[in-house]
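What follows is a set of notes on a single structure, which appears directly below.
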Amino acid sequence: MRKIDEIIHQPIRLQLMAALVALRPGEQMEFVWLRDLLAVTDGNLGAHLAKLEGAEDGRNRLPRLSASAKSGCCIGLSATQEKEFAGALLY
Amino acid sequence: MNIGPEEAKEMLQGVDDVTSRTKKMIAFGGGDVLFIIWGIIWFIGGLGTHFMPVLMAGHPQANLLIGVLTGSLWMVLVAAGIIVSYRVGRSGSPTRSPWGKSIGLMWWFLYLFVNLWIGLLMPFVKIQGQQESHMFWTHMGAIAATVPMFAYVVFGLFVDRYMVWIGLGMTALMMLGVYLFEPYFYLWMAFVGGGGLAATGLLIRNKWKQP
């Protein structure tokens, strides 16, 4: 059995990654649309993104975003990160 | 940290749910506003074209004026529509895609293509009488209206399937207008075509866009 990834297997973060995986290749999602989709606050989404960017364990599951750009920017996954997420679902 | 089977099932259901909502959001996000904008453009253009002869009646240069004013009206409306659509596409869409600019350019090329063809054909067209002239401009209007609908179909085949049905449906309605209501084609285009597009936009906004 695979080892659980405590960062990615938290329900909101799991849904966040699922939303990004559903995008077409090369596409990125606007911060505000992602926030509304997950029904979370700006701060809450920011905190989850920071964790996925490796703020806790240094492992990057999302391309790093600058804090100042967060509320107006777009978020997407690289092909490698999509594969990693698919692997995490096999837990 | 351990996850039990029930908890895992719930989490996977959450993943499925958010995946389907994201796909729906991408497919319809921003599209509602665009359909409403183009519905309004068709409505104004259709009404303007239908009533222009009435407005110009009695003028010594009526035929020339009708042609120039109607052509200008459509050119201004379509150009404004493309610019507004581009801005709405940038600000109202949930996603940014690397091919967004290419899609915008594709619409400009399509617009130029239709106008260029109509312009190139004009010197060879021999129109005699009011009735032939009306029929000619009805057919030109139908071509100009159905070419973007064909683009919807092609776009829908590769990106969002619902565009295929909108493109086919609107083309069928335009054909019906040409063959059955030819004298009132532009009025048909304003209410059925423009109204249909705007209603589609409202339907997407009120029903399909709901999570």
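Each chain in the structure tokens gets a letter, A, B, ..., in the order shown, and its residues are numbered from 1; ligands are numbered from 1 in order too.
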
Practice task
Up to 9 Å from chain A, what residues of chain B turn up? Count only C-alpha atoms and give them as a list in words.
Solution key: Met1, Asn2, Ile3, Met11, Leu12, Gly14, Val15, Asp16, Asp17, Val18, Thr19, Ser20, Arg21, Thr22, Lys23, Met25, Ile26, Ser93, Pro94, Thr95, Arg96, Ser97, Pro98, Trp99 and Pro211 of chain B

Exercise for the section: DSSP on the backbone, then: every residue of segment 1-34 of chain B marked alpha helix (DSSP H), written as a PyMOL selection string. Expected result: chain B and resi 5-28+31-34

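Interatomic distance, atom CA of Met149 of chain B against atom CA of Leu197 of chain B: 10.9 Å.
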